[in-house]
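Novice: Structure file run.cif, mmCIF, C-alpha atoms and all ligand atoms, is pasted below:
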data_target
#
loop_
_atom_site.label_atom_id
_atom_site.label_comp_id
_atom_site.auth_asym_id
_atom_site.auth_seq_id
_atom_site.Cartn_x
_atom_site.Cartn_y
_atom_site.Cartn_z
CA MET A 299 86.79 89.73 125.96
CA LYS A 300 85.14 90.95 122.75
CA VAL A 301 86.57 93.84 120.79
CA LYS A 302 84.35 96.19 118.75
CA ILE A 303 85.61 97.27 115.37
CA THR A 304 84.11 100.11 113.35
CA GLU A 305 85.07 99.78 109.70
CA VAL A 306 85.79 103.24 108.26
CA GLY A 307 87.49 102.33 104.97
CA LEU A 308 84.57 103.41 102.82
CA ARG A 309 84.74 106.90 104.35
CA ASP A 310 88.08 107.69 105.97
CA GLY A 311 89.81 105.37 103.51
CA LEU A 312 88.34 106.39 100.20
CA GLN A 313 88.12 110.12 101.02
CA ASN A 314 91.87 110.38 100.61
CA GLU A 315 92.42 108.15 97.59
CA LYS A 316 93.15 109.78 94.24
CA PHE A 317 91.45 106.90 92.47
CA VAL A 318 87.70 107.42 92.89
CA LEU A 319 85.58 104.27 93.09
CA SER A 320 82.12 104.25 91.52
CA THR A 321 79.11 103.99 93.81
CA ASP A 322 78.48 100.44 92.50
CA VAL A 323 81.97 99.29 93.45
CA ARG A 324 81.62 101.01 96.85
CA LEU A 325 78.36 99.13 97.44
CA GLU A 326 80.02 95.86 96.45
CA LEU A 327 82.85 96.61 98.90
CA ALA A 328 80.30 97.34 101.64
CA LYS A 329 78.56 94.01 100.95
CA ARG A 330 81.85 92.13 101.09
CA LEU A 331 82.68 93.80 104.41
CA ALA A 332 79.26 92.94 105.83
CA GLY A 333 79.80 89.37 104.61
CA ALA A 334 83.15 89.35 106.43
CA GLY A 335 81.35 90.09 109.68
CA VAL A 336 81.62 93.88 109.89
CA ARG A 337 78.85 95.04 112.24
CA ARG A 338 79.64 98.77 112.44
CA LEU A 339 80.18 100.32 109.04
CA GLU A 340 80.77 103.97 108.14
CA LEU A 341 79.56 104.12 104.56
CA GLY A 342 80.27 107.67 103.48
CA ALA A 343 80.00 111.38 104.23
CA PHE A 344 77.30 113.97 103.60
CA VAL A 345 79.87 116.70 103.16
CA SER A 346 80.37 119.19 100.35
CA PRO A 347 81.49 117.37 97.18
CA LYS A 348 83.56 120.49 96.42
CA TRP A 349 85.55 119.81 99.58
CA VAL A 350 85.72 116.00 99.29
CA PRO A 351 84.75 114.83 95.79
CA GLN A 352 85.47 111.19 96.67
CA MET A 353 82.43 111.15 98.95
CA ALA A 354 79.95 112.22 96.25
CA GLY A 355 77.26 109.57 95.89
CA SER A 356 77.22 108.74 99.63
CA ALA A 357 73.46 109.30 99.75
CA ASP A 358 72.87 106.70 96.98
CA LEU A 359 75.11 104.29 98.81
CA VAL A 360 73.38 104.66 102.16
CA LYS A 361 69.97 104.47 100.49
CA ALA A 362 70.92 101.22 98.74
CA ALA A 363 72.28 99.67 101.93
CA VAL A 364 69.62 100.66 104.47
CA GLY A 365 67.08 97.87 104.63
CA ALA A 366 68.98 95.56 102.23
CA ALA A 367 69.23 91.95 103.43
CA GLU A 368 73.05 91.96 103.38
CA PHE A 369 73.11 94.75 105.97
CA ARG A 370 70.46 93.39 108.34
CA ASP A 371 72.94 93.05 111.23
CA VAL A 372 75.07 96.05 110.32
CA GLN A 373 74.94 99.45 111.99
CA ILE A 374 75.38 101.88 109.10
CA SER A 375 76.62 105.41 109.70
CA ALA A 376 77.73 108.46 107.73
CA LEU A 377 79.61 111.67 108.49
CA VAL A 378 77.53 114.85 108.86
CA PRO A 379 79.13 118.32 109.16
CA ASN A 380 76.00 120.49 109.40
CA GLU A 381 72.19 120.70 109.14
CA ARG A 382 72.35 120.22 105.38
CA GLY A 383 74.21 116.94 105.87
CA LEU A 384 71.62 115.86 108.43
CA ASP A 385 68.83 116.61 105.94
CA GLU A 386 70.48 114.18 103.54
CA ALA A 387 70.96 111.57 106.23
CA LEU A 388 67.27 111.79 107.15
CA GLN A 389 66.21 111.61 103.51
CA VAL A 390 68.01 108.29 102.97
CA ARG A 391 67.06 106.99 106.42
CA ALA A 392 70.60 106.65 107.78
CA PRO A 393 70.19 105.17 111.27
CA ARG A 394 73.37 106.71 112.65
CA ILE A 395 75.39 109.83 111.94
CA ALA A 396 78.86 110.90 112.99
CA ILE A 397 79.76 114.50 113.73
CA PHE A 398 83.41 115.49 113.63
CA ALA A 399 85.09 118.16 115.73
CA SER A 400 88.72 119.03 116.29
CA ALA A 401 90.89 119.47 119.38
CA THR A 402 92.79 122.27 117.63
CA GLU A 403 91.58 125.54 116.09
CA SER A 404 93.82 125.29 113.01
CA PHE A 405 92.51 121.89 111.97
CA SER A 406 88.92 122.89 112.68
CA LEU A 407 89.31 125.81 110.27
CA LYS A 408 91.08 123.74 107.62
CA ASN A 409 88.65 120.83 107.81
CA ILE A 410 85.23 122.39 108.31
CA ASN A 411 85.93 126.09 107.85
CA CYS A 412 84.90 127.24 111.34
CA SER A 413 86.28 127.56 114.86
CA ILE A 414 85.91 124.83 117.50
CA GLU A 415 83.26 126.86 119.33
CA GLU A 416 81.29 127.53 116.13
CA SER A 417 81.41 123.83 115.30
CA PHE A 418 80.06 122.89 118.75
CA THR A 419 77.18 125.35 118.38
CA ARG A 420 76.41 123.93 114.94
CA TYR A 421 76.70 120.32 116.09
CA ALA A 422 74.50 120.87 119.16
CA ALA A 423 71.60 121.75 116.84
CA VAL A 424 72.40 118.83 114.51
CA VAL A 425 72.55 116.30 117.35
CA LYS A 426 69.38 117.61 118.97
CA ARG A 427 67.40 117.22 115.75
CA ALA A 428 69.01 113.86 114.92
CA ARG A 429 68.16 112.43 118.36
CA ARG A 430 64.60 113.74 118.06
CA GLN A 431 64.36 111.78 114.78
CA LYS A 432 65.68 108.66 116.61
CA LEU A 433 69.11 108.64 114.96
CA SER A 434 72.06 107.65 117.09
CA VAL A 435 75.15 109.85 117.01
CA ARG A 436 78.86 109.14 117.18
CA GLY A 437 81.32 111.97 117.84
CA TYR A 438 84.81 112.24 116.43
CA LEU A 439 87.52 114.38 117.93
CA SER A 440 90.56 114.91 115.71
CA MET A 441 94.22 115.74 116.40
CA CYS A 442 94.04 114.39 119.96
CA PHE A 443 97.67 113.27 120.12
CA GLY A 444 99.32 116.04 118.12
CA CYS A 445 98.36 118.47 115.38
CA ALA A 446 99.80 118.89 111.91
CA PHE A 447 99.57 122.69 112.32
CA GLU A 448 99.94 123.37 116.07
CA GLY A 449 102.18 120.55 117.31
CA GLU A 450 101.49 119.43 120.86
CA VAL A 451 97.87 119.23 122.03
CA LYS A 452 96.90 119.63 125.68
CA GLU A 453 95.30 116.53 127.22
CA SER A 454 92.97 118.74 129.26
CA VAL A 455 91.54 120.17 126.00
CA VAL A 456 90.95 116.68 124.58
CA ILE A 457 89.21 115.51 127.76
CA ARG A 458 87.04 118.64 127.97
CA LEU A 459 85.93 118.50 124.33
CA ALA A 460 85.31 114.74 124.41
CA ALA A 461 83.12 115.21 127.49
CA ARG A 462 81.21 117.99 125.71
CA LEU A 463 80.49 115.67 122.77
CA ILE A 464 78.96 113.14 125.17
CA GLU A 465 76.97 115.86 126.98
CA MET A 466 75.69 116.99 123.58
CA GLY A 467 74.19 113.54 122.95
CA CYS A 468 76.88 111.43 121.27
CA ASP A 469 76.91 107.84 122.54
CA GLU A 470 80.66 107.45 121.99
CA VAL A 471 83.65 109.57 121.09
CA SER A 472 86.21 108.35 118.61
CA ILE A 473 89.53 109.80 119.70
CA GLY A 474 91.53 110.56 116.57
CA ASP A 475 95.25 110.27 116.06
CA THR A 476 94.58 111.96 112.74
CA ILE A 477 98.19 112.23 111.61
CA GLY A 478 99.51 109.06 113.28
CA VAL A 479 101.94 110.57 115.77
CA ALA A 480 100.82 108.86 119.00
CA ASP A 481 103.03 106.48 120.93
CA PRO A 482 101.93 103.80 123.44
CA LYS A 483 103.11 105.75 126.51
CA GLN A 484 101.08 108.79 125.46
CA VAL A 485 98.09 106.53 124.70
CA ARG A 486 98.31 105.02 128.19
CA ARG A 487 98.35 108.47 129.79
CA LEU A 488 95.54 110.06 127.77
CA GLY A 489 93.56 106.81 127.55
CA ALA A 490 93.44 106.43 131.35
CA LYS A 491 92.09 109.97 131.70
CA LEU A 492 89.53 109.42 128.94
CA LEU A 493 88.33 106.23 130.59
CA ARG A 494 87.83 108.05 133.86
CA GLU A 495 85.88 110.84 132.11
CA LEU A 496 83.86 108.90 129.52
CA GLY A 497 83.91 105.28 130.69
CA PRO A 498 84.83 102.28 128.51
CA ARG A 499 81.54 102.08 126.60
CA ARG A 500 81.91 105.60 125.27
CA THR A 501 85.60 105.51 124.40
CA THR A 502 86.79 104.47 120.93
CA MET A 503 90.30 104.85 119.57
CA HIS A 504 90.93 105.92 115.98
CA PHE A 505 94.56 105.40 115.02
CA HIS A 506 96.12 106.28 111.70
CA ASP A 507 99.22 104.21 111.00
CA THR A 508 101.31 106.96 109.43
CA ARG A 509 104.43 106.13 111.45
CA GLY A 510 103.81 102.45 112.16
CA THR A 511 102.72 102.81 115.80
CA ALA A 512 99.00 102.03 115.44
CA LEU A 513 99.05 98.37 116.56
CA ALA A 514 101.26 99.23 119.52
CA ASN A 515 98.78 101.98 120.41
CA ILE A 516 95.87 99.54 120.19
CA LEU A 517 97.69 97.17 122.49
CA ALA A 518 98.31 99.98 124.99
CA SER A 519 94.59 100.85 124.82
CA LEU A 520 93.55 97.23 125.34
CA ASP A 521 95.77 97.00 128.42
CA LEU A 522 93.84 99.97 129.84
CA GLY A 523 90.48 98.29 129.19
CA ILE A 524 89.51 100.12 125.97
CA THR A 525 87.80 97.65 123.62
CA SER A 526 86.47 99.74 120.74
CA PHE A 527 88.59 100.69 117.71
CA ASP A 528 88.20 102.13 114.22
CA SER A 529 90.06 100.58 111.31
CA SER A 530 90.09 100.61 107.56
CA ILE A 531 90.09 97.65 105.17
CA ALA A 532 93.53 97.28 103.59
CA GLY A 533 94.79 100.34 105.49
CA LEU A 534 93.19 102.74 103.02
CA GLY A 535 92.89 106.28 104.08
CA GLY A 536 93.86 109.59 105.51
CA CYS A 537 92.32 113.00 105.73
CA PRO A 538 92.40 115.40 102.77
CA TYR A 539 92.78 118.40 105.12
CA ALA A 540 95.59 116.99 107.29
CA PRO A 541 98.88 117.00 105.38
CA SER A 542 100.84 113.75 105.78
CA ALA A 543 97.88 111.85 107.23
CA THR A 544 97.95 108.40 105.69
CA GLY A 545 95.79 105.35 106.18
CA ASN A 546 93.96 104.15 109.25
CA VAL A 547 95.33 101.02 110.84
CA ALA A 548 94.32 98.13 108.57
CA THR A 549 91.34 96.05 109.69
CA GLU A 550 93.06 92.78 108.69
CA ASP A 551 96.17 93.67 110.74
CA VAL A 552 94.06 94.45 113.82
CA VAL A 553 91.93 91.31 113.50
CA TYR A 554 95.01 89.16 112.96
CA MET A 555 96.67 90.50 116.12
CA LEU A 556 93.50 90.17 118.21
CA GLU A 557 92.82 86.62 116.99
CA ARG A 558 96.37 85.54 117.82
CA MET A 559 95.91 87.05 121.29
CA GLY A 560 92.73 85.01 121.79
CA LEU A 561 90.47 88.08 121.68
CA LYS A 562 87.18 87.86 119.83
CA THR A 563 85.74 90.13 117.15
CA ASP A 564 82.80 89.50 114.81
CA LEU A 565 85.16 89.53 111.85
CA ASN A 566 86.35 86.72 109.62
CA LEU A 567 90.04 87.19 108.78
CA ASP A 568 90.01 85.01 105.65
CA ALA A 569 87.08 86.97 104.20
CA LEU A 570 88.89 90.24 104.98
CA ILE A 571 92.04 89.05 103.21
CA GLU A 572 89.94 88.03 100.22
CA THR A 573 88.26 91.46 100.24
CA ASN A 574 91.69 93.10 100.39
CA ARG A 575 92.81 91.19 97.26
CA TRP A 576 89.60 92.11 95.42
CA LEU A 577 89.97 95.77 96.46
CA GLN A 578 93.61 95.99 95.27
CA GLY A 579 92.33 95.02 91.82
CA LYS A 580 89.71 97.77 91.94
CA MET A 581 92.11 100.44 93.30
CA LYS A 582 94.78 99.36 90.80
CA ARG A 583 97.54 99.63 93.37
CA GLU A 584 99.11 97.69 96.22
CA LEU A 585 97.46 98.62 99.51
CA PRO A 586 99.37 99.03 102.79
CA SER A 587 97.92 96.27 105.01
CA LYS A 588 100.67 93.88 106.09
CA VAL A 589 98.40 90.87 106.65
CA GLY A 590 96.74 91.67 103.33
CA ARG A 591 100.14 91.16 101.71
CA ALA A 592 101.46 88.24 103.73
CA GLY A 593 98.21 86.39 104.39
CA ARG A 594 97.30 84.39 107.45
CA ALA A 595 100.22 82.67 109.18
CA HIS A 596 100.44 78.96 108.55
CA PRO A 597 100.87 76.74 111.62
CA LEU A 598 104.13 77.58 113.35
CA GLY A 599 106.96 75.31 112.29
CA VAL A 600 105.34 74.28 109.02
CA VAL A 601 106.93 75.88 106.00
CA ARG A 602 105.07 75.65 102.72
CA SER A 603 107.04 74.79 99.62
CA SER A 604 105.96 78.12 98.07
CA ASP A 605 107.53 80.15 100.91
CA PRO A 606 110.79 81.92 100.11
CA SER A 607 113.80 80.27 101.79
P1 LIG A 701 81.75 126.05 103.82
O1 LIG A 701 82.34 126.41 102.50
O2 LIG A 701 82.15 126.85 105.02
O3 LIG A 701 80.17 125.94 103.82
O4 LIG A 701 82.08 124.51 104.09
P2 LIG A 701 79.02 126.78 103.22
O5 LIG A 701 77.86 126.59 104.11
O6 LIG A 701 79.48 128.19 102.92
O7 LIG A 701 78.74 126.04 101.83
C1 LIG A 701 79.65 126.02 100.77
C2 LIG A 701 79.09 125.14 99.66
O8 LIG A 701 79.01 123.78 100.12
C3 LIG A 701 77.69 125.53 99.25
O9 LIG A 701 77.55 125.17 97.89
C4 LIG A 701 76.81 124.63 100.09
O10 LIG A 701 75.56 124.38 99.51
C5 LIG A 701 77.64 123.35 100.09
P3 LIG A 701 77.68 126.26 96.71
O11 LIG A 701 76.67 127.30 97.07
O12 LIG A 701 79.12 126.76 96.79
O13 LIG A 701 77.40 125.48 95.48
N1 LIG A 701 77.38 122.52 101.29
C6 LIG A 701 77.15 121.21 101.22
N2 LIG A 701 77.06 120.34 100.20
C7 LIG A 701 76.78 119.06 100.49
N3 LIG A 701 76.63 118.61 101.75
C8 LIG A 701 76.71 119.44 102.80
C9 LIG A 701 76.98 120.80 102.55
N4 LIG A 701 77.14 121.87 103.35
C10 LIG A 701 77.38 122.92 102.56
N5 LIG A 701 76.57 118.96 104.04
C11 LIG A 701 81.59 122.37 105.09
C12 LIG A 701 81.67 123.88 105.29
C13 LIG A 701 81.47 121.74 106.45
C14 LIG A 701 80.41 122.05 104.22
C15 LIG A 701 82.90 121.93 104.37
O14 LIG A 701 83.98 122.42 105.07
C16 LIG A 701 83.02 120.42 104.27
O15 LIG A 701 82.26 119.74 103.60
N6 LIG A 701 84.04 119.84 104.96
C17 LIG A 701 84.21 118.41 105.01
C18 LIG A 701 85.61 118.08 105.29
C19 LIG A 701 85.79 116.59 105.40
O16 LIG A 701 84.93 115.81 105.02
N7 LIG A 701 86.97 116.18 105.91
C20 LIG A 701 87.30 114.80 106.07
C21 LIG A 701 86.56 114.14 107.18
S1 LIG A 701 87.18 114.48 108.81
C22 LIG A 701 88.43 113.29 109.10
O17 LIG A 701 88.82 112.64 108.18
C23 LIG A 701 88.92 113.05 110.49
C24 LIG A 701 88.34 111.78 111.12
O18 LIG A 701 88.64 110.64 110.34
C25 LIG A 701 88.91 111.57 112.53
C26 LIG A 701 90.44 111.64 112.60
O19 LIG A 701 91.14 110.94 111.88
O20 LIG A 701 90.88 112.44 113.43
C27 LIG A 701 86.83 111.88 111.24
MG MG A 702 90.54 109.55 110.45
#
As structure tokens, please, write out the structure in this file.
Specialist:
Amino acid sequence: MKVKITEVGLRDGLQNEKFVLSTDVRLELAKRLAGAGVRRLELGAFVSPKWVPQMAGSADLVKAAVGAAEFRDVQISALVPNERGLDEALQVRAPRIAIFASATESFSLKNINCSIEESFTRYAAVVKRARRQKLSVRGYLSMCFGCAFEGEVKESVVIRLAARLIEMGCDEVSIGDTIGVADPKQVRRLGAKLLRELGPRRTTMHFHDTRGTALANILASLDLGITSFDSSIAGLGGCPYAPSATGNVATEDVVYMLERMGLKTDLNLDALIETNRWLQGKMKRELPSKVGRAGRAHPLGVVRSSDPS
């Protein structure tokens, strides 16, 4: 079984870091990720720089990557909140956009300054025009397992809104545990319903690892037959408009677990670990990925002389 990974570190990761990376360093990171086998790469966001200053320069980044040899096999995407964002995406020839809606009213207002219904009206026009221009569209749905402002979220609401994103023209929906509250039992319950509604090819899971349950949630999803996940190099990330949201599950940690389980991805773990080390230097801080810190396991039973006793 092959597992699809969408690398979102350059968007979801960097959007919540205080330390802002230059566009050149972001491009270098993107090239390293492509070199490590990343085939689905969210490069940035065409959102207001007043709202998310870290994403300024996304257009330059996408423009530099689209058509460059290093990204020949990479599906590049960027977040688009409205028609203005789509204009930018079209200008720099982004092949794929991602729209982002919320399962709760409070987060919709905090994040994109409009109600859920207003956002769906706005997105319907964006998706229609994007599809006409031959762009593919991913949909995100946030706060699917619990909301920072409203607490519990009804599964029926998540299912209904996810189905509407597909009807609108999205080819997949990324189901967000934006604040990292989900547990495996809840994932099994909601995941089974999502699979029935959307089917496995249209269902992606997007877990933040705020409370350490992301890998367990991925395992629960895999057991259901879900094989598409979002992750972030080094576990960078969060959402500036969701208090307490921390990083996405780290790409290295996911790939390590999948490899050990005999599941295939396109990604090269050693190259990811190397990218992690390079990125820590650029971010000037230790990043949360566990495998990034510990490295690849050596053969069981063999202890290297450098290991602590
Ligand atoms: P608004 O203030 O309601 O919009 O913001 P507006 O139309 O009144 O415009 C306000 C200003 O923004 C104007 O500039 C516009 O020109 C400008 P001014 O006249 O003040 O100089 N503007 C733009 N600039 C650049 N690009 C644009 C754009 N649109 C308007 N596309 C808006 C509405 C949606 C723009 C704003 O709320 C926004 O940018 N929000 C983005 C929030 C965001 O990026 N959040 C993080 C991503 S979501 C996430 O992380 C969750 C996810 O990972 C899944 C999960 O974990 O659950 C996806
Ligand atoms: Mg997210």
Novice: Of the residues A:Leu493, A:Val372, A:Leu331, A:Ala423, which is the one nearest to A:Ala461, using all atoms listed in the file?
Specialist: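 When distances to A:Ala461 are compared using all atoms listed in the file, the smallest one comes from A:Leu493.
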Novice: Can you pull out every residue within 9 Å of A:Glu495, counting all atoms listed in the file, but drop anything in the same chain fewer than 4 positions away, and send it as a count of residues only?
Specialist: 6
Novice: Determine, using only C-alpha atoms and all ligand atoms, which residues of chain A have any atom at most 10 Å from an atom of ligand MG 702 (chain A), and tabulate each with its shortest atom pair and distance in Å to one decimal place, rows ordered by chain and then rising number, as a tab-separated table.
Specialist:
residue	atom	partner	partner_atom	distance
A:Val306	CA	A:MG702	MG	8.2
A:Gly307	CA	A:MG702	MG	9.6
A:Arg309	CA	A:MG702	MG	8.8
A:Asp310	CA	A:MG702	MG	5.4
A:Gly311	CA	A:MG702	MG	8.1
A:Gln313	CA	A:MG702	MG	9.8
A:Asn314	CA	A:MG702	MG	10.0
A:Phe398	CA	A:MG702	MG	9.8
A:Tyr438	CA	A:MG702	MG	8.7
A:Leu439	CA	A:MG702	MG	9.4
A:Ser440	CA	A:MG702	MG	7.5
A:Met441	CA	A:MG702	MG	9.3
A:Ser472	CA	A:MG702	MG	9.3
A:Ile473	CA	A:MG702	MG	9.3
A:Gly474	CA	A:MG702	MG	6.3
A:Asp475	CA	A:MG702	MG	7.4
A:Thr476	CA	A:MG702	MG	5.2
A:Ile477	CA	A:MG702	MG	8.2
A:Gly478	CA	A:MG702	MG	9.4
A:His504	CA	A:MG702	MG	6.6
A:Phe505	CA	A:MG702	MG	7.4
A:His506	CA	A:MG702	MG	6.6
A:Asp528	CA	A:MG702	MG	8.6
A:Ser529	CA	A:MG702	MG	9.0
A:Ser530	CA	A:MG702	MG	9.4
A:Gly535	CA	A:MG702	MG	7.5
A:Gly536	CA	A:MG702	MG	6.0
A:Cys537	CA	A:MG702	MG	6.1
A:Pro538	CA	A:MG702	MG	9.8
A:Ala540	CA	A:MG702	MG	9.5
A:Ala543	CA	A:MG702	MG	8.3
A:Thr544	CA	A:MG702	MG	8.9
A:Gly545	CA	A:MG702	MG	8.0
A:Asn546	CA	A:MG702	MG	6.5
A:Val547	CA	A:MG702	MG	9.8
Novice: Give me, as a tab-separated table (two decimals) with C-alpha atoms, in the frame of the given file, all polymer residues having an atom no more than 8 Å from stretch 560-566 of chain A, counting all atoms listed in the file and skipping those fewer than 5 positions away in the same chain.
Specialist:
chain	number	residue	atom	x	y	z
A	299	MET	CA	86.79	89.73	125.96
A	300	LYS	CA	85.14	90.95	122.75
A	301	VAL	CA	86.57	93.84	120.79
A	302	LYS	CA	84.35	96.19	118.75
A	303	ILE	CA	85.61	97.27	115.37
A	334	ALA	CA	83.15	89.35	106.43
A	335	GLY	CA	81.35	90.09	109.68
A	336	VAL	CA	81.62	93.88	109.89
A	337	ARG	CA	78.85	95.04	112.24
A	553	VAL	CA	91.93	91.31	113.50
Novice: What residues have an atom no more than 7 Å from (88.8, 92.1, 105.6) in the file's own frame, counting only C-alpha atoms, and can you write them as a PyMOL selection string?
Specialist: chain A and resi 331+334+531+549-550+567+569-574
Novice: Select, from A:Asp371, A:Glu381, A:Asp551, A:Glu340, the residue with the minimum atom-to-atom distance to ligand LIG 701 (chain A), counting all atoms listed in the file.
Specialist: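 Ranked by minimum distance to ligand LIG 701 (chain A), first place goes to A:Glu381.
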Novice: From the set A:Phe317, A:Phe405, A:Tyr421, A:Phe344, which residue has the shortest atom-to-atom contact distance to ligand LIG 701 (chain A), counting only C-alpha atoms and all ligand atoms?
Specialist: A:Phe344
Novice: If we count all atoms listed in the file and set the cut-off at 12 Å, which residues sit around A:Lys483, ignoring sequence neighbours fewer than 6 positions away in its own chain? Please answer as a list in words.
Specialist: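 Within the cut-off, the hits are Phe443, Gly489, Ala490, Thr511, Ala514, Asn515, Ile516, Leu517, Ala518, Ser519, Asp521 and Leu522 of chain A.
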Novice: Which residue is closest to ligand LIG 701 (chain A)? Choose from A:Ser404, A:Ser356, A:Gln373, A:Asn409 and count only C-alpha atoms and all ligand atoms.
Specialist: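 Looking only at the distances to ligand LIG 701 (chain A), the closest residue turns out to be A:Asn409.
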Novice: Taking into account only C-alpha atoms, which residue in the set A:Ser526, A:Gln431, A:Gln578, A:Asn380 is nearest to A:Ala392?
Specialist: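 Checking each of A:Ser526, A:Gln431, A:Gln578, A:Asn380 against A:Ala392, counting only C-alpha atoms, the winner is A:Gln431.
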Novice: Is there a way to complete stretch 588-594 of chain A with all heavy atoms and then write that out as a tab-separated table (two decimals), keeping the file's coordinate frame?
Specialist:
chain	number	residue	atom	x	y	z
A	588	LYS	N	99.59	94.89	106.08
A	588	LYS	CA	100.67	93.88	106.09
A	588	LYS	C	100.08	92.48	105.97
A	588	LYS	O	100.59	91.63	105.23
A	588	LYS	CB	101.48	94.01	107.37
A	588	LYS	CG	102.28	95.30	107.40
A	588	LYS	CD	103.19	95.37	108.60
A	588	LYS	CE	104.00	96.64	108.56
A	588	LYS	NZ	103.17	97.88	108.50
A	589	VAL	N	99.01	92.21	106.70
A	589	VAL	CA	98.40	90.87	106.65
A	589	VAL	C	97.75	90.66	105.27
A	589	VAL	O	97.74	89.56	104.74
A	589	VAL	CB	97.38	90.70	107.80
A	589	VAL	CG1	96.60	89.40	107.68
A	589	VAL	CG2	98.12	90.75	109.14
A	590	GLY	N	97.27	91.76	104.69
A	590	GLY	CA	96.74	91.67	103.33
A	590	GLY	C	97.80	91.17	102.37
A	590	GLY	O	97.52	90.40	101.46
A	591	ARG	N	99.04	91.59	102.58
A	591	ARG	CA	100.14	91.16	101.71
A	591	ARG	C	100.62	89.75	102.04
A	591	ARG	O	100.80	88.92	101.17
A	591	ARG	CB	101.34	92.09	101.89
A	591	ARG	CG	101.28	93.27	100.98
A	591	ARG	CD	102.51	94.13	101.17
A	591	ARG	NE	102.12	95.52	100.97
A	591	ARG	CZ	102.87	96.56	101.25
A	591	ARG	NH1	104.05	96.39	101.79
A	591	ARG	NH2	102.44	97.77	101.02
A	592	ALA	N	100.83	89.50	103.33
A	592	ALA	CA	101.46	88.24	103.73
A	592	ALA	C	100.46	87.10	103.88
A	592	ALA	O	100.82	85.94	103.79
A	592	ALA	CB	102.20	88.45	105.05
A	593	GLY	N	99.21	87.42	104.15
A	593	GLY	CA	98.21	86.39	104.39
A	593	GLY	C	98.25	85.91	105.82
A	593	GLY	O	99.05	86.37	106.64
A	594	ARG	N	97.38	84.96	106.12
A	594	ARG	CA	97.30	84.39	107.45
A	594	ARG	C	98.54	83.52	107.69
A	594	ARG	O	99.02	82.89	106.75
A	594	ARG	CB	96.04	83.52	107.48
A	594	ARG	CG	95.69	82.96	108.81
A	594	ARG	CD	94.62	81.94	108.60
A	594	ARG	NE	93.26	82.47	108.72
A	594	ARG	CZ	92.71	82.80	109.89
A	594	ARG	NH1	93.37	82.69	111.01
A	594	ARG	NH2	91.47	83.22	109.93
